file start22.cif (mmCIF, C-alpha atoms)
data_upload
#
loop_
_atom_site.label_atom_id
_atom_site.label_comp_id
_atom_site.auth_asym_id
_atom_site.auth_seq_id
_atom_site.Cartn_x
_atom_site.Cartn_y
_atom_site.Cartn_z
CA MET A 1 -12.82 20.14 -23.25
CA ASN A 2 -13.23 20.40 -19.46
CA ARG A 3 -11.66 23.27 -17.58
CA LYS A 4 -11.48 23.60 -13.79
CA THR A 5 -9.34 25.18 -11.08
CA ILE A 6 -7.80 22.91 -8.48
CA THR A 7 -5.93 23.44 -5.22
CA ILE A 8 -3.28 20.94 -4.15
CA THR A 9 -2.92 20.26 -0.41
CA LEU A 10 -0.79 18.04 1.78
CA ILE A 11 -2.76 15.03 3.05
CA GLY A 12 -0.15 12.76 4.62
CA GLU A 13 3.53 12.44 5.34
CA GLY A 14 5.89 9.56 5.97
CA ASP A 15 9.61 9.51 6.76
CA ASN A 16 10.58 9.89 3.11
CA VAL A 17 7.47 10.67 1.08
CA ALA A 18 4.80 13.38 1.27
CA PHE A 19 1.32 12.69 -0.11
CA TYR A 20 -0.75 15.47 -1.59
CA THR A 21 -4.27 15.49 -3.00
CA PHE A 22 -6.36 18.13 -4.76
CA THR A 23 -9.79 19.73 -4.55
CA PHE A 24 -11.78 21.27 -7.38
CA GLU A 25 -12.77 24.89 -6.86
CA GLY A 26 -16.26 25.14 -5.38
CA GLU A 27 -16.17 21.58 -4.01
CA GLU A 28 -15.96 20.71 -0.34
CA HIS A 29 -14.14 17.39 -0.61
CA SER A 30 -10.79 16.51 -2.11
CA GLU A 31 -10.54 13.72 -4.68
CA LEU A 32 -8.91 11.45 -2.10
CA ALA A 33 -11.71 12.21 0.36
CA LYS A 34 -14.24 11.15 -2.28
CA PHE A 35 -12.36 7.87 -2.76
CA LYS A 36 -12.24 7.34 1.00
CA SER A 37 -15.97 7.97 1.44
CA ALA A 38 -16.84 5.58 -1.37
CA TYR A 39 -14.78 2.61 -0.18
CA ARG A 40 -13.96 2.78 3.54
CA LYS A 41 -17.16 0.95 4.46
CA SER A 42 -17.83 -0.88 1.21
CA GLU A 43 -17.41 -4.52 0.21
CA PHE A 44 -13.97 -3.39 -0.97
CA LYS A 45 -12.95 -2.28 2.51
CA GLU A 46 -10.04 -4.75 2.64
CA GLU A 47 -8.67 -3.53 -0.67
CA TYR A 48 -9.07 0.05 0.52
CA GLN A 49 -7.05 -0.90 3.59
CA ASP A 50 -4.39 -2.54 1.40
CA ILE A 51 -4.04 0.74 -0.47
CA LEU A 52 -3.60 2.62 2.82
CA LEU A 53 -0.97 0.07 3.84
CA ALA A 54 0.85 0.53 0.54
CA ILE A 55 0.79 4.31 1.03
CA SER A 56 2.17 3.84 4.51
CA ILE A 57 5.06 1.61 3.42
CA ILE A 58 5.90 3.83 0.45
CA GLY A 59 5.80 6.82 2.82
CA ASP A 60 8.56 5.34 4.90
CA HIS A 61 10.66 4.18 1.93
CA THR A 62 10.45 5.77 -1.48
CA ALA A 63 7.89 6.63 -4.13
CA ASN A 64 10.02 4.92 -6.77
CA LYS A 65 7.80 3.95 -9.70
CA ILE A 66 8.61 0.29 -9.15
CA HIS A 67 6.07 0.28 -6.30
CA PHE A 68 3.22 1.48 -8.51
CA ARG A 69 1.32 0.14 -11.51
CA PRO A 70 1.87 2.11 -14.70
CA CYS A 71 -1.37 3.37 -16.21
CA SER A 72 -0.24 3.75 -19.77
CA ALA A 73 2.75 3.19 -21.97
CA LEU A 74 3.21 6.95 -22.15
CA LYS A 75 6.14 8.54 -20.40
CA ASP A 76 4.11 10.31 -17.77
CA ASN A 77 4.02 10.07 -14.00
CA VAL A 78 0.44 8.85 -13.64
CA MET A 79 0.33 5.51 -11.87
CA ALA A 80 -2.05 3.32 -9.90
CA LEU A 81 -1.95 1.82 -6.45
CA PRO A 82 -3.56 -1.60 -6.46
CA GLY A 83 -5.69 -3.14 -3.79
CA LYS A 84 -5.25 -6.80 -2.95
CA GLU A 85 -2.80 -8.69 -5.15
CA GLU A 86 -4.08 -12.24 -5.02
CA GLU A 87 -1.94 -15.13 -6.11
CA ASN A 88 -3.98 -17.85 -4.52
CA VAL A 89 -4.75 -20.11 -7.47
CA GLU A 90 -8.13 -21.27 -6.15
CA ILE A 91 -9.39 -17.73 -5.50
CA LYS A 92 -8.11 -16.59 -8.89
CA ALA A 93 -9.81 -19.51 -10.63
CA LYS A 94 -13.08 -18.86 -8.77
CA ARG A 95 -13.04 -15.20 -9.75
CA LEU A 96 -12.27 -16.04 -13.37
CA LYS A 97 -15.11 -18.57 -13.41
CA GLU A 98 -17.48 -15.94 -12.08
CA ASP A 99 -16.08 -13.46 -14.58
CA ASP A 100 -15.25 -11.25 -11.62
CA LEU A 101 -12.32 -9.09 -12.67
CA ARG A 102 -13.05 -6.33 -10.16
CA VAL A 103 -10.12 -4.73 -8.41
CA LEU A 104 -9.81 -1.46 -6.57
CA ARG A 105 -7.42 1.14 -7.94
CA LEU A 106 -6.32 4.51 -6.61
CA TYR A 107 -4.75 6.72 -9.25
CA CYS A 108 -1.89 9.05 -8.48
CA ILE A 109 1.06 11.04 -9.79
CA THR A 110 4.55 10.01 -8.69
CA LEU A 111 6.10 13.42 -9.16
CA THR A 112 9.44 12.54 -7.53
CA ASP A 113 10.69 9.77 -5.25
CA ASN A 114 9.51 12.00 -2.38
CA ILE A 115 6.24 13.46 -3.65
CA VAL A 116 3.03 11.67 -4.63
CA ILE A 117 -0.27 13.33 -5.57
CA LEU A 118 -3.21 11.09 -4.81
CA GLY A 119 -6.32 11.44 -6.93
CA ASN A 120 -9.55 9.51 -7.10
CA GLY A 121 -10.02 5.86 -8.00
CA GLY A 122 -12.53 3.08 -8.17
CA ILE A 123 -13.36 -0.46 -9.13
CA LYS A 124 -11.62 -1.54 -12.30
CA SER A 125 -13.65 -4.32 -13.89
CA THR A 126 -12.28 -3.95 -17.40
CA GLU A 127 -8.91 -4.96 -18.78
CA THR A 128 -7.75 -1.36 -19.03
CA TYR A 129 -8.83 1.77 -17.18
CA ASN A 130 -9.71 3.65 -20.38
CA GLU A 131 -12.51 1.22 -21.15
CA ASP A 132 -14.28 2.66 -18.10
CA PRO A 133 -15.36 6.29 -18.65
CA ILE A 134 -15.25 7.20 -14.95
CA LEU A 135 -11.77 5.79 -14.32
CA ASN A 136 -10.62 7.20 -17.63
CA GLU A 137 -11.62 10.69 -16.49
CA TYR A 138 -9.78 10.30 -13.17
CA VAL A 139 -6.64 9.41 -15.11
CA GLU A 140 -7.16 12.21 -17.68
CA ILE A 141 -7.42 14.73 -14.81
CA LEU A 142 -4.16 13.44 -13.31
CA LEU A 143 -2.47 13.57 -16.70
CA ALA A 144 -3.50 17.23 -16.97
CA ILE A 145 -2.11 17.97 -13.49
CA ASP A 146 1.09 16.09 -14.25
CA LYS A 147 1.54 18.12 -17.41
CA LYS A 148 1.15 21.38 -15.46
CA LEU A 149 3.50 20.28 -12.73
CA THR A 150 6.20 19.26 -15.15
CA GLU A 151 6.02 22.58 -17.02
CA LYS A 152 8.59 23.88 -14.57
CA GLU A 153 6.17 26.25 -12.86
CA PHE A 154 6.75 24.19 -9.77
CA SER A 155 9.73 22.93 -7.90
CA SER A 156 10.29 20.55 -5.05
CA VAL A 157 12.73 20.36 -2.21
CA GLY A 158 12.63 16.94 -0.62
CA LYS A 159 9.03 16.31 0.33
CA GLU A 160 7.92 19.91 -0.21
CA LEU A 161 6.12 20.94 -3.36
CA LYS A 162 6.77 24.62 -4.06
CA GLY A 163 4.94 27.10 -6.24
CA ASN A 164 1.35 28.30 -6.67
CA LEU A 165 -0.64 25.17 -5.84
CA LYS A 166 -3.91 26.64 -7.14
CA PHE A 167 -4.17 26.53 -10.92
CA GLU A 168 -6.41 25.68 -13.83
CA ILE A 169 -6.31 22.41 -15.69
CA GLN A 170 -7.89 21.27 -18.93
CA TRP A 171 -8.75 17.74 -19.95
CA HIS A 172 -10.82 15.86 -22.51
CA MET B 1 5.16 2.98 10.46
CA ALA B 2 5.54 6.68 10.87
CA LEU B 3 3.08 7.85 8.24
CA LYS B 4 0.59 10.45 9.44
CA PHE B 5 -2.54 11.40 7.55
CA PHE B 6 -3.81 14.96 7.96
CA ASP B 7 -7.37 13.71 7.67
CA ALA B 8 -8.92 12.25 10.81
CA GLU B 9 -10.95 9.57 9.01
CA LEU B 10 -8.01 8.38 6.91
CA GLN B 11 -5.87 8.16 10.03
CA GLU B 12 -8.65 6.31 11.85
CA ASP B 13 -9.03 3.89 8.92
CA PHE B 14 -5.29 3.25 8.94
CA ASP B 15 -5.12 2.82 12.72
CA ASN B 16 -7.99 0.32 12.57
CA ILE B 17 -6.19 -2.01 10.17
CA PRO B 18 -5.32 -5.17 12.13
CA GLU B 19 -1.66 -5.35 13.14
CA TRP B 20 -1.26 -8.76 11.54
CA ARG B 21 -2.19 -7.28 8.15
CA LYS B 22 0.37 -4.49 8.58
CA PHE B 23 2.90 -7.20 9.40
CA GLN B 24 1.94 -9.22 6.31
CA MET B 25 2.43 -6.19 4.08
CA LYS B 26 5.81 -5.42 5.65
CA LYS B 27 6.90 -9.00 4.96
CA ARG B 28 5.78 -8.80 1.33
CA PHE B 29 7.68 -5.57 0.90
CA ALA B 30 10.81 -6.97 2.56
CA PHE B 31 10.70 -10.08 0.38
CA ALA B 32 10.45 -7.99 -2.80
CA GLU B 33 13.27 -5.72 -1.60
CA GLN B 34 15.46 -8.76 -1.03
CA LEU B 35 14.53 -10.14 -4.43
CA ARG B 36 15.41 -6.83 -6.13
CA LEU B 37 18.71 -6.69 -4.26
CA THR B 38 19.58 -10.28 -5.18
CA LEU B 39 18.82 -9.70 -8.87
CA LYS B 40 21.02 -6.59 -8.79
CA GLU B 41 23.86 -8.40 -7.03
CA LYS B 42 23.72 -11.26 -9.52
CA GLY B 43 23.46 -8.89 -12.48
CA ILE B 44 20.18 -10.42 -13.64
CA SER B 45 17.82 -8.06 -15.45
CA GLN B 46 14.04 -8.18 -15.01
CA LYS B 47 13.77 -9.50 -18.57
CA GLU B 48 16.32 -12.26 -17.94
CA PHE B 49 14.57 -13.18 -14.71
CA SER B 50 11.20 -13.42 -16.44
CA GLY B 51 12.81 -15.75 -19.00
CA MET B 52 14.34 -17.92 -16.26
CA LEU B 53 10.90 -18.44 -14.70
CA ASP B 54 8.91 -18.44 -17.93
CA LYS B 55 6.82 -15.51 -16.67
CA SER B 56 5.84 -12.27 -18.37
CA GLU B 57 7.79 -9.11 -17.57
CA SER B 58 4.60 -7.49 -16.27
CA GLU B 59 4.20 -10.38 -13.81
CA ILE B 60 7.75 -9.81 -12.57
CA SER B 61 7.01 -6.07 -12.22
CA LYS B 62 4.06 -6.96 -9.98
CA TRP B 63 6.34 -9.21 -7.91
CA LEU B 64 8.89 -6.45 -7.48
CA SER B 65 6.33 -3.82 -6.50
CA GLY B 66 6.54 -4.96 -2.90
CA PHE B 67 2.84 -5.60 -2.48
CA HIS B 68 2.44 -8.93 -4.23
CA ASN B 69 1.09 -11.80 -2.19
CA PHE B 70 3.49 -14.64 -3.03
CA THR B 71 2.52 -18.22 -2.45
CA LYS B 72 5.06 -20.42 -0.67
CA ASP B 73 5.51 -22.36 -3.92
CA THR B 74 6.41 -19.21 -5.83
CA GLU B 75 8.82 -18.15 -3.10
CA SER B 76 10.48 -21.57 -3.27
CA LEU B 77 10.66 -21.42 -7.07
CA ILE B 78 12.36 -18.03 -6.94
CA GLU B 79 14.83 -19.20 -4.31
CA TYR B 80 15.57 -22.37 -6.30
CA CYS B 81 16.22 -20.41 -9.50
CA LEU B 82 18.42 -17.85 -7.79
CA GLY B 83 20.09 -20.33 -5.43
CA VAL B 84 19.55 -18.12 -2.40
CA ASP B 85 17.45 -18.02 0.74
CA LEU B 86 15.49 -14.78 0.39
CA SER B 87 13.84 -15.27 3.74
CA VAL B 88 17.07 -14.37 5.56
CA LEU B 89 16.39 -10.63 5.41
CA VAL B 90 12.67 -11.08 5.84
CA LYS B 91 13.28 -12.87 9.15
CA ASP B 92 14.38 -9.52 10.58
CA ILE B 93 10.82 -8.26 10.20
CA ARG B 94 9.20 -9.33 13.42
CA PRO B 95 5.63 -8.89 14.51
CA GLU B 96 5.05 -6.41 17.25
CA ILE B 97 3.54 -9.11 19.43
CA VAL B 98 1.86 -7.67 22.45
CA TYR B 99 1.75 -9.68 25.63
CA LEU B 100 -1.28 -9.17 27.78
CA PHE B 101 -0.69 -9.88 31.43
CA ALA B 102 -3.59 -10.52 33.70
CA LEU B 103 -3.08 -11.46 37.33
CA SER B 104 -6.59 -12.79 37.65
CA GLU B 105 -10.07 -11.99 36.45
CA GLN B 106 -10.61 -9.74 39.45
CA HIS B 107 -7.52 -7.74 38.53
CA GLN B 108 -8.18 -7.12 34.84
CA SER B 109 -7.69 -3.43 35.42
CA ASN B 110 -4.07 -4.24 36.30
CA ALA B 111 -3.46 -5.80 32.91
CA VAL B 112 -0.42 -4.38 31.17
CA HIS B 113 0.65 -4.52 27.56
CA VAL B 114 4.28 -5.26 26.93
CA LYS B 115 6.06 -5.29 23.58
CA ILE B 116 8.03 -8.39 22.53
CA ASP B 117 11.39 -6.70 23.10
CA ASP B 118 10.66 -5.87 26.73
CA ASP B 119 12.56 -7.84 29.31
CA LEU B 120 10.05 -10.29 30.73
CA SER B 121 12.36 -11.43 33.53
CA GLU B 122 12.09 -7.99 35.12
CA LEU B 123 8.36 -8.51 35.30
CA ASN B 124 8.76 -11.72 37.29
CA ILE B 125 6.69 -13.85 34.96
CA THR B 126 6.75 -17.52 35.85
CA THR B 127 4.05 -19.22 33.81
CA THR B 128 3.04 -18.58 30.27
CA THR B 129 0.06 -19.82 28.34
CA THR B 130 -0.73 -18.83 24.80
CA VAL B 131 -4.47 -18.56 24.53
CA SER B 132 -5.65 -16.88 21.39
CA ALA B 133 -5.10 -14.43 18.60
CA ASN B 134 -7.26 -11.36 18.61
CA SER B 135 -8.71 -10.11 15.34
CA SER B 136 -7.31 -6.63 15.60
CA SER B 137 -3.89 -7.45 16.97
CA VAL B 138 -1.73 -10.49 17.67
CA PHE B 139 -2.03 -11.11 21.36
CA LYS B 140 -0.41 -13.65 23.58
CA HIS B 141 -2.01 -14.01 26.94
CA LEU B 142 0.48 -14.76 29.66
CA VAL B 143 -1.29 -15.83 32.80
CA ILE B 144 0.55 -15.64 36.08
CA SER B 145 -0.35 -18.34 38.54
CA ASN B 146 0.19 -17.05 42.04
#
call {"tool": "encode", "arguments": {"input": "start22.cif", "output": "structure tokens"}}
result
Amino acid sequence: MNRKTITITLIGEGDNVAFYTFTFEGEEHSELAKFKSAYRKSEFKEEYQDILLAISIIGDHTANKIHFRPCSALKDNVMALPGKEEENVEIKAKRLKEDDLRVLRLYCITLTDNIVILGNGGIKSTETYNEDPILNEYVEILLAIDKKLTEKEFSSVGKELKGNLKFEIQWH
Amino acid sequence: MALKFFDAELQEDFDNIPEWRKFQMKKRFAFAEQLRLTLKEKGISQKEFSGMLDKSESEISKWLSGFHNFTKDTESLIEYCLGVDLSVLVKDIRPEIVYLFALSEQHQSNAVHVKIDDDLSELNITTTTTVSANSSSVFKHLVISN
């Protein structure tokens, strides 16, 4: 069992949705900052930009779950933001032929229609995230935060998340 | 887009995304919004819709997310099945085309950027020539011949 203290901070705000992220105690960078550093200048730069665009559009509209990819069949709030959604048949066929299933995912919690907590993410090259130990841990961490946040220790008014935003989480 | 990131690098990354890609994403989102609205108006559930098109429900969920890159054929198929023109609403999403005016090469410093909604007649433009599209933004170069 892992046990760490996190601090949630506001990282971005649109007309209708506020985006938060979190930092582990003793670490300099937030989970979103780690994701940014890993992909902003990588071969997945375009997908990283698509995720920023999705955040921007959601920020001005709503964080309704319809705009996100569910991570599991469980009734939790942990979702994923996808990078490029390609429907071009030729590109799809080429990628399948090359056995290239890689897509960029950013994992997050859609707490309400006005509040999203952005975590870390990475390249998903397996059918499901839990086949990849790194991505699985990112999701497990978010599930632990989601559980804490839905234990009624916190409240929200519009885009504002209220309560003690520094707390301990446990995950497998 | 009014979103502001409280992280300088994230904001810089967002600001550096070419305008045409922001426009593409807005169009995708508007198309999905219109599709959702049409399904609601017609009382068609996601499951029924997936059956109509012989697609999986998860595929339809992707379509409705607002970030799916539809092909023209898929758009046409959807419109055919629903008997509507979904592009009507989407047409309201217009690119923020920027016109670049240059009096001459010697007067490049006098170049002004004007948004598409600005009244060009007030600027006394007589001749227009579309030259090229820039990689970071959609530009139309309007050259004034004196």
call {"tool": "residues_around", "arguments": {"input": "start22.cif", "residues": "stretch 6-9 of chain B", "least_positions_apart": "2", "cutoff": "9 Å", "atoms": "only C-alpha atoms", "output": "PyMOL selection string"}}
result
(chain A and resi 10-13+33+36) or (chain B and resi 4+11-14)
call {"tool": "atom_distance", "arguments": {"input": "start22.cif", "atom1": "atom CA of A:Val139", "atom2": "atom CA of A:Ile6"}}
result
15.1 Å
call {"tool": "atom_distance", "arguments": {"input": "start22.cif", "atom1": "atom CA of A:Thr126", "atom2": "atom CA of B:Leu64"}}
result
23.5 Å
call {"tool": "atom_distance", "arguments": {"input": "start22.cif", "atom1": "atom CA of A:Glu25", "atom2": "atom CA of A:Val116"}}
result
20.7 Å
call {"tool": "closest_residue", "arguments": {"input": "start22.cif", "among": "B:Glu79, B:Asp73, B:Glu41, B:Asp85", "to": "chain A", "atoms": "only C-alpha atoms"}}
result
B:Asp73
call {"tool": "interface_residues", "arguments": {"input": "start22.cif", "of": "chain B", "to": "chain A", "cutoff": "7 Å", "atoms": "only C-alpha atoms", "output": "PDB file with C-alpha atoms, in the coordinates of the input"}}
result
ATOM      1  CA  MET B   1       5.160   2.980  10.460  1.00  0.00           C
ATOM      2  CA  ALA B   2       5.540   6.680  10.870  1.00  0.00           C
ATOM      3  CA  LEU B   3       3.080   7.850   8.240  1.00  0.00           C
ATOM      4  CA  LYS B   4       0.590  10.450   9.440  1.00  0.00           C
ATOM      5  CA  PHE B   5      -2.540  11.400   7.550  1.00  0.00           C
ATOM      6  CA  PHE B   6      -3.810  14.960   7.960  1.00  0.00           C
ATOM      7  CA  ASP B   7      -7.370  13.710   7.670  1.00  0.00           C
ATOM      8  CA  PHE B  14      -5.290   3.250   8.940  1.00  0.00           C
ATOM      9  CA  ILE B  17      -6.190  -2.010  10.170  1.00  0.00           C
ATOM     10  CA  LYS B  22       0.370  -4.490   8.580  1.00  0.00           C
ATOM     11  CA  LEU B  64       8.890  -6.450  -7.480  1.00  0.00           C
ATOM     12  CA  SER B  65       6.330  -3.820  -6.500  1.00  0.00           C
ATOM     13  CA  GLY B  66       6.540  -4.960  -2.900  1.00  0.00           C
ATOM     14  CA  PHE B  67       2.840  -5.600  -2.480  1.00  0.00           C
ATOM     15  CA  HIS B  68       2.440  -8.930  -4.230  1.00  0.00           C
ATOM     16  CA  ASN B  69       1.090 -11.800  -2.190  1.00  0.00           C
ATOM     17  CA  PHE B  70       3.490 -14.640  -3.030  1.00  0.00           C
ATOM     18  CA  THR B  71       2.520 -18.220  -2.450  1.00  0.00           C
TER      19      THR B  71
END
call {"tool": "closest_residue", "arguments": {"input": "start22.cif", "among": "A:Glu27, A:Leu143, A:Thr62, A:Lys152", "to": "A:Cys108", "atoms": "all atoms listed in the file"}}
result
A:Leu143
call {"tool": "closest_residue", "arguments": {"input": "start22.cif", "among": "A:Pro133, A:Leu104, A:Gly26, A:Leu142", "to": "A:Ser42", "atoms": "all atoms listed in the file"}}
result
A:Leu104
call {"tool": "resolve_selection", "arguments": {"input": "start22.cif", "expression": "the PyMOL selection byres ((chain A and resi 123) around 9)", "output": "count of residues only"}}
result
11
call {"tool": "residues_around", "arguments": {"input": "start22.cif", "residues": "stretch 29-33 of chain B", "least_positions_apart": "2", "cutoff": "8 Å", "atoms": "only C-alpha atoms", "output": "PyMOL selection string"}}
result
chain B and resi 25-27+35-37+63-67+86-87+89-90+93
call {"tool": "residues_around", "arguments": {"input": "start22.cif", "residues": "A:Thr150", "least_positions_apart": "5", "cutoff": "10 Å", "atoms": "all atoms listed in the file", "output": "count of residues only"}}
result
5
call {"tool": "resolve_selection", "arguments": {"input": "start22.cif", "expression": "the PyMOL selection byres ((chain A and resi 158) around 8)", "output": "PyMOL selection string"}}
result
chain A and resi 114-115+156-157+159-160
call {"tool": "residues_around", "arguments": {"input": "start22.cif", "residues": "A:Trp171", "least_positions_apart": "5", "cutoff": "12 Å", "atoms": "only C-alpha atoms", "output": "PyMOL selection string"}}
result
chain A and resi 1-5+136-148
